[in-house]
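J.: Following this message is one structure expressed as structure tokens.
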Amino acid sequence: MKKSFILITIGLLFSTSIFAANRFVEKTFFSTALNQDKTYYVSYPDGYSESDTTKKYPVIVFLHGATVNAKSIVEEFNPIFSNPLAKILYPNFYKVIFVIPDGSASPYLGSFYTNSALYGNFETYIATDLFQELHQKFNTYDHREKWSIMGHSMGGYGSMKIALKNPDQFIGIASLSGPINITYCDILLPLVLEENGNSAPYTFTYQGNITKLMFSMAGAFSPNLSASNSIDFPILPDGTINQEVMTLWEKENPINYIRTWKGNPNMAIYMYCGELDEYKLLPQNRFFSDTLNAYNIKHTFTIDPSGDHVNSLLTSFPQGLNFLYNVMDTAQIRINPNSISSISKQKYHIYPNPASDRLNISSSDTKSVEKVTIFSTTGSTVKTFSAQELNSGLDISILKPGCYLLSVSFFNGQKENYNFIKTN
């Protein structure tokens with residue numbers, strides 16, 4: 001949630017003074033939810049042609065963090081992704097329609113992509129207005145198998161909440177250092193008190209990084225235009241949590257939408273958080289992962305022992321990007337002479353891809369599966385799994401690094417094949 005989004009190492013590797021072309025194109029459309037024109041930025045995949053409507057491309061929507069706006073993110077991304085060397089490091093970036101909408105809002109650090117009396121209806125702007133805009137203006141699919149959403153920090157919160165509330169729109173989610181259990185304040189509370197005098201009575205002013213975060217979240221989750229600072233602050237002057245305000249925050253808590261969604265329809269979920277995160281978000285992410293496990297929802301949760309909040313994007317951004325691309329790439333849409341089949345008929349997608357220890361296969365139908373077989377690139381059988389093993393994921397830890405073919409065999413004699421990469 002800091003202001004900088006610079007990918008430091010890549011910035012040093014690439015000569016941004018030489019490669020200054022614009023990879024992203026600025027677009028504007030009218031948002032009914034916000035009742036104003038809104039700007040977003042799009043990076044077209046290589047080979048994209050507006051006139052060739054027969055070729056479709058997958059979409060990744062990226063929600064930025066607090067303290068910045070879409071333009072400032074694009075100003076940092078443009079010299080990086082305009083450099084030819086980036087195609088070696090981020091090849092999947094150039095295969096998708098990559099969209100960055102603006103989520104900034106005054107008077108605080110950002111909208112948290114939530115419908116708010118103070119900020120405006122930012123959730124509807126993303127989930128409805130932008131979604132319709134992209135479907136109408138770009139050569140993309142009408143099916144959720146080719147749509148994903150990801151975000152960092154505030155955007156990690158927004159992407160998780162919007163996807164879980166609209167599971168029919170997205171096949172994949174990636175939350176990078178996101179506050180995804182917003183009412184867990186056990187660690188944040190003493191940090192806010194420390195920034196505001198350490199002893200009661202507390203006078204909470206807009207100062208200190210953690211306090212600014214809480215003000216910004218209050219603007220999204222507990223706005224009160226008649227109150228001081230136009231919000232109801234979640235901490236009382238005696239240093240305790242205001243439970244009435246927390247009740248309002250709980251309504252916008254992504255972790256609660258797991259109980260509503262319950263894993264149907266299937267979505268692939270990637271979560272990343274560093275142990276050194278300055279905003280102490282790791283416990284929130286652990287709780288979220290535990291809740292997913294309680295509902296038997298497969299997901300990938302990466303805990304980075306050396307990861308902080310911002311600089312860890314050197315690691316988390318490519319991991320989230322590759323995770324989502326591989327999910328969409330393996331979620332095949334079957335086409336007949338008349339139309340594309342309904343999204344509900346797509347049986348499988350595999351993730352993560354590449355994978356190191358375990359390969360998950362999300363499925364709405366395992367009863368018709370006879371077995372799953374992994375073949376090498378030479379056609380040799382490497383390992384065979386029973387249909388029952390799909391429920392816990394396939395153990396591929398003994399496989400040597402390389403490319404493999406995964407074949408799902410059905411009792412009716414049909415097969416579906418997927419490629420995946422095994423890493424160390």
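So you can find residues: chains in the structure tokens are A, B, ... in the order shown, residues in each start at 1, and ligands are numbered from 1 in order.
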Just the residues within 12 Å of Gly307 in chain A, please, counting only C-alpha atoms, with nothing from its chain fewer than 2 positions along; format it as a ChimeraX atom specification.

T.: /A:176-177,272-282,302-305,309-316

J.: Taking C-alpha atoms for each residue, export the selection above as a PDB file, in the first residue's frame.

T.:
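Here's the written file part.pdb:
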```
ATOM      1  CA  LEU A 176      -0.932 -10.398  -3.999  1.00  0.00           C
ATOM      2  CA  SER A 177      -0.343  -9.119  -0.455  1.00  0.00           C
ATOM      3  CA  TYR A 272       0.728 -14.519  -1.960  1.00  0.00           C
ATOM      4  CA  CYS A 273       1.947 -12.836   1.219  1.00  0.00           C
ATOM      5  CA  GLY A 274       5.375 -12.119   2.690  1.00  0.00           C
ATOM      6  CA  GLU A 275       6.408 -12.797   6.267  1.00  0.00           C
ATOM      7  CA  LEU A 276       7.963  -9.305   6.386  1.00  0.00           C
ATOM      8  CA  ASP A 277       4.837  -7.494   5.181  1.00  0.00           C
ATOM      9  CA  GLU A 278       4.825  -4.048   6.801  1.00  0.00           C
ATOM     10  CA  TYR A 279       1.048  -4.122   7.181  1.00  0.00           C
ATOM     11  CA  LYS A 280       1.121  -7.487   9.000  1.00  0.00           C
ATOM     12  CA  LEU A 281      -1.186  -9.142   6.475  1.00  0.00           C
ATOM     13  CA  LEU A 282       0.120 -12.701   6.762  1.00  0.00           C
ATOM     14  CA  THR A 302       2.632 -18.864  -1.292  1.00  0.00           C
ATOM     15  CA  ILE A 303       4.280 -17.556   1.885  1.00  0.00           C
ATOM     16  CA  ASP A 304       7.517 -15.732   1.126  1.00  0.00           C
ATOM     17  CA  PRO A 305       9.887 -15.751   4.146  1.00  0.00           C
ATOM     18  CA  HIS A 309       4.673  -5.556   0.953  1.00  0.00           C
ATOM     19  CA  VAL A 310       5.926  -3.737  -2.161  1.00  0.00           C
ATOM     20  CA  ASN A 311       9.302  -5.043  -3.279  1.00  0.00           C
ATOM     21  CA  SER A 312       7.962  -8.594  -3.136  1.00  0.00           C
ATOM     22  CA  LEU A 313       6.120  -7.793  -6.380  1.00  0.00           C
ATOM     23  CA  LEU A 314       9.345  -8.873  -8.075  1.00  0.00           C
ATOM     24  CA  THR A 315       8.252 -12.347  -7.024  1.00  0.00           C
ATOM     25  CA  SER A 316       4.492 -12.221  -6.642  1.00  0.00           C
TER      26      SER A 316
END
```

J.: Excluding same-chain residues fewer than 6 positions from Thr291 in chain A, what lies within 10 Å of it counting only C-alpha atoms, as a ChimeraX atom specification?

T.: /A:255-256,258-259,285,297

J.: For the selection just defined, write its residues with N, CA and C atoms to a file, as an mmCIF file, in the first residue's frame.

T.:
```
data_model
loop_
_atom_site.group_PDB
_atom_site.id
_atom_site.type_symbol
_atom_site.label_atom_id
_atom_site.label_comp_id
_atom_site.auth_asym_id
_atom_site.auth_seq_id
_atom_site.Cartn_x
_atom_site.Cartn_y
_atom_site.Cartn_z
ATOM 1 N N ILE A 255 -13.605 -12.877 3.203
ATOM 2 C CA ILE A 255 -13.599 -14.219 3.779
ATOM 3 C C ILE A 255 -15.021 -14.744 3.967
ATOM 4 N N ASN A 256 -15.986 -13.829 4.155
ATOM 5 C CA ASN A 256 -17.371 -14.261 4.359
ATOM 6 C C ASN A 256 -18.018 -14.783 3.077
ATOM 7 N N ILE A 258 -16.787 -16.757 1.003
ATOM 8 C CA ILE A 258 -16.462 -18.162 0.776
ATOM 9 C C ILE A 258 -17.665 -19.023 1.128
ATOM 10 N N ARG A 259 -18.360 -18.666 2.209
ATOM 11 C CA ARG A 259 -19.513 -19.452 2.646
ATOM 12 C C ARG A 259 -20.664 -19.365 1.649
ATOM 13 N N ASN A 285 -4.136 -13.631 5.646
ATOM 14 C CA ASN A 285 -4.066 -14.584 4.545
ATOM 15 C C ASN A 285 -4.091 -16.027 5.047
ATOM 16 N N ILE A 297 -11.826 -26.335 -0.605
ATOM 17 C CA ILE A 297 -11.603 -25.578 -1.839
ATOM 18 C C ILE A 297 -10.104 -25.525 -2.112
#
```

J.: Step one, run DSSP on the backbone; step two, keep only residues of range 20-269 of chain A assigned to alpha helix (DSSP H); then write them as a ChimeraX atom specification.

T.: /A:70-81,86-89,122-124,131-137,154-165,188-195,209-221,243-250,257-261

J.: When you count only C-alpha atoms, which of these residues is closest to His135 in chain A: A:Glu389, A:Thr67, A:Glu195, A:Tyr57?

T.: A:Tyr57

J.: One decimal, Å: what's the distance from CA of Phe131 in chain A over to CA of Asp52 in chain A, could you say?

T.: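 Taking CA of Phe131 in chain A and CA of Asp52 in chain A, their separation equals 20.9 Å.
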
J.: Report as a Markdown table: every residue of range 137-242 of chain A with an atom at most 10 Å from range 264-267 of chain A, its closest pair of atoms, and their distance in Å to one decimal, counting only C-alpha atoms, with rows sorted by chain and ascending residue number.

T.:
```
| residue | atom | partner | partner_atom | distance |
| --- | --- | --- | --- | --- |
| A:Arg144 | CA | A:Met267 | CA | 9.6 |
| A:Glu145 | CA | A:Met267 | CA | 9.2 |
| A:Ser148 | CA | A:Met267 | CA | 9.4 |
| A:Ala163 | CA | A:Met267 | CA | 8.9 |
| A:Leu164 | CA | A:Met267 | CA | 8.9 |
| A:Pro167 | CA | A:Pro265 | CA | 6.5 |
| A:Asp168 | CA | A:Pro265 | CA | 7.0 |
| A:Gln169 | CA | A:Met267 | CA | 9.9 |
| A:Phe170 | CA | A:Met267 | CA | 7.2 |
| A:Ile171 | CA | A:Met267 | CA | 4.8 |
| A:Gly172 | CA | A:Met267 | CA | 5.4 |
| A:Ile173 | CA | A:Met267 | CA | 7.4 |
```

J.: Please produce a file of those selected residues containing N, CA and C atoms, as a CSV table (one decimal), in the first residue's frame.

T.:
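Below you can see part03.csv, which holds the result:
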```csv
chain,number,residue,atom,x,y,z
A,144,ARG,N,-16.3,-17.5,-19.0
A,144,ARG,CA,-15.5,-17.2,-17.8
A,144,ARG,C,-14.2,-17.9,-17.9
A,145,GLU,N,-14.1,-19.0,-18.6
A,145,GLU,CA,-12.8,-19.8,-18.7
A,145,GLU,C,-11.6,-18.9,-19.1
A,148,SER,N,-9.8,-13.6,-15.9
A,148,SER,CA,-9.2,-13.7,-14.6
A,148,SER,C,-9.0,-12.3,-14.1
A,163,ALA,N,-14.4,-11.2,-7.3
A,163,ALA,CA,-14.4,-12.5,-8.0
A,163,ALA,C,-15.3,-13.5,-7.2
A,164,LEU,N,-15.2,-13.5,-5.8
A,164,LEU,CA,-16.1,-14.4,-5.0
A,164,LEU,C,-17.5,-14.0,-5.1
A,167,PRO,N,-18.7,-15.2,-9.2
A,167,PRO,CA,-17.9,-16.4,-9.7
A,167,PRO,C,-18.3,-16.8,-11.1
A,168,ASP,N,-19.4,-16.3,-11.6
A,168,ASP,CA,-19.8,-16.7,-13.0
A,168,ASP,C,-19.0,-15.9,-14.0
A,169,GLN,N,-18.2,-14.9,-13.5
A,169,GLN,CA,-17.5,-14.1,-14.5
A,169,GLN,C,-16.0,-14.4,-14.6
A,170,PHE,N,-15.4,-15.1,-13.6
A,170,PHE,CA,-14.0,-15.3,-13.6
A,170,PHE,C,-13.6,-16.8,-13.3
A,171,ILE,N,-12.6,-17.3,-14.0
A,171,ILE,CA,-12.1,-18.6,-13.7
A,171,ILE,C,-10.9,-18.6,-12.7
A,172,GLY,N,-10.2,-17.4,-12.6
A,172,GLY,CA,-9.1,-17.4,-11.7
A,172,GLY,C,-8.9,-16.1,-11.0
A,173,ILE,N,-8.4,-16.1,-9.8
A,173,ILE,CA,-8.1,-15.0,-8.9
A,173,ILE,C,-6.7,-15.0,-8.4
```

J.: Env of Asn229 in chain A: 12 Å cut, atoms = only C-alpha atoms, seq-sep filter 3 positions within chain, self excluded. Answer as a list in words.

T.: Ser106, Pro107, Tyr108, Leu118, Phe204, Thr205, Tyr206, Phe215, Ser216, Ala218, Gly219, Ser222, Pro223, Asn224, Leu225, Ser226, Asp232 and Phe233 of chain A

J.: Could you tell me how far CA of Asn391 in chain A lies from CA of Ala294 in chain A, in Å and to one decimal?

T.: 14.1 Å

J.: Considering only C-alpha atoms, can you say which of A:Ser368, A:Thr211, A:Thr28, A:Ser380 comes closest to Lys137 in chain A?

T.: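 Result for the nearest residue to Lys137 in chain A: A:Thr28.
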
J.: As a PDB file with C-alpha atoms, in the first residue's frame, please: every residue in range 23-224 of chain A that a backbone DSSP assignment puts in strand (DSSP E).

T.:
```
ATOM      1  CA  PHE A  24      -0.385   0.454 -22.695  1.00  0.00           C
ATOM      2  CA  VAL A  25      -3.107   2.392 -24.505  1.00  0.00           C
ATOM      3  CA  GLU A  26      -5.352   4.798 -22.630  1.00  0.00           C
ATOM      4  CA  LYS A  27      -9.105   4.275 -22.960  1.00  0.00           C
ATOM      5  CA  THR A  28     -12.074   6.186 -21.557  1.00  0.00           C
ATOM      6  CA  PHE A  29     -15.681   5.155 -21.089  1.00  0.00           C
ATOM      7  CA  PHE A  30     -18.694   6.353 -19.155  1.00  0.00           C
ATOM      8  CA  SER A  31     -19.335   4.476 -15.917  1.00  0.00           C
ATOM      9  CA  GLN A  36     -18.626   9.912 -14.800  1.00  0.00           C
ATOM     10  CA  ASP A  37     -16.060   9.082 -17.441  1.00  0.00           C
ATOM     11  CA  LYS A  38     -13.402   6.684 -16.198  1.00  0.00           C
ATOM     12  CA  THR A  39      -9.990   5.911 -17.631  1.00  0.00           C
ATOM     13  CA  TYR A  40      -8.451   2.488 -17.954  1.00  0.00           C
ATOM     14  CA  TYR A  41      -5.333   1.215 -19.703  1.00  0.00           C
ATOM     15  CA  VAL A  42      -4.977  -1.838 -21.891  1.00  0.00           C
ATOM     16  CA  SER A  43      -2.007  -3.811 -23.194  1.00  0.00           C
ATOM     17  CA  VAL A  59      -8.349 -11.203 -20.305  1.00  0.00           C
ATOM     18  CA  ILE A  60      -6.604 -10.368 -17.037  1.00  0.00           C
ATOM     19  CA  VAL A  61      -7.897  -7.363 -15.101  1.00  0.00           C
ATOM     20  CA  PHE A  62      -5.306  -5.930 -12.702  1.00  0.00           C
ATOM     21  CA  LEU A  63      -6.450  -3.829  -9.726  1.00  0.00           C
ATOM     22  CA  ILE A  97      -5.535  -8.522 -22.953  1.00  0.00           C
ATOM     23  CA  PHE A  98      -4.138  -6.953 -19.777  1.00  0.00           C
ATOM     24  CA  VAL A  99      -6.322  -4.190 -18.319  1.00  0.00           C
ATOM     25  CA  ILE A 100      -5.598  -1.715 -15.508  1.00  0.00           C
ATOM     26  CA  PRO A 101      -8.642   0.321 -14.399  1.00  0.00           C
ATOM     27  CA  ASN A 115     -19.510   0.784  -3.174  1.00  0.00           C
ATOM     28  CA  SER A 116     -19.247   3.703  -0.761  1.00  0.00           C
ATOM     29  CA  GLY A 120     -18.724   6.199  -5.071  1.00  0.00           C
ATOM     30  CA  ASN A 121     -19.843   2.811  -6.409  1.00  0.00           C
ATOM     31  CA  TRP A 147     -11.306 -14.252 -17.739  1.00  0.00           C
ATOM     32  CA  SER A 148      -9.208 -13.676 -14.600  1.00  0.00           C
ATOM     33  CA  ILE A 149      -8.712 -10.895 -12.092  1.00  0.00           C
ATOM     34  CA  MET A 150      -5.682 -10.094  -9.967  1.00  0.00           C
ATOM     35  CA  GLY A 151      -4.511  -7.271  -7.753  1.00  0.00           C
ATOM     36  CA  HIS A 152      -1.909  -6.057  -5.309  1.00  0.00           C
ATOM     37  CA  GLY A 172      -9.052 -17.366 -11.732  1.00  0.00           C
ATOM     38  CA  ILE A 173      -8.115 -14.964  -8.923  1.00  0.00           C
ATOM     39  CA  ALA A 174      -4.684 -13.838  -7.732  1.00  0.00           C
ATOM     40  CA  SER A 175      -4.433 -11.768  -4.552  1.00  0.00           C
ATOM     41  CA  LEU A 176      -0.932 -10.398  -3.999  1.00  0.00           C
TER      42      LEU A 176
END
```

J.: Could you pull the residues within 12 Å of range 248-253 of chain A, counting only C-alpha atoms, minus those fewer than 4 positions along the same chain, as an MDAnalysis selection string?

T.: chainID A and resid 112:116 123 157:158 160:162 164:165 178:185 214 217:224 231:234 241:244 257:259 284 288

J.: Between A:Thr240, A:Ser159, A:Thr140, A:Asn22, single out the one closest to Asp186 in chain A, counting only C-alpha atoms.

T.: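 Closest candidate: A:Thr240.
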
J.: Separation of CA of Val68 in chain A and CA of Phe317 in chain A, in Å?

T.: 16.8 Å

J.: Rank A:Asn83, A:Ser407, A:Ser392, A:Ser51 by their smallest atom-to-atom distance to Gly379 in chain A, using only C-alpha atoms, and report the top residue only.

T.: A:Ser407
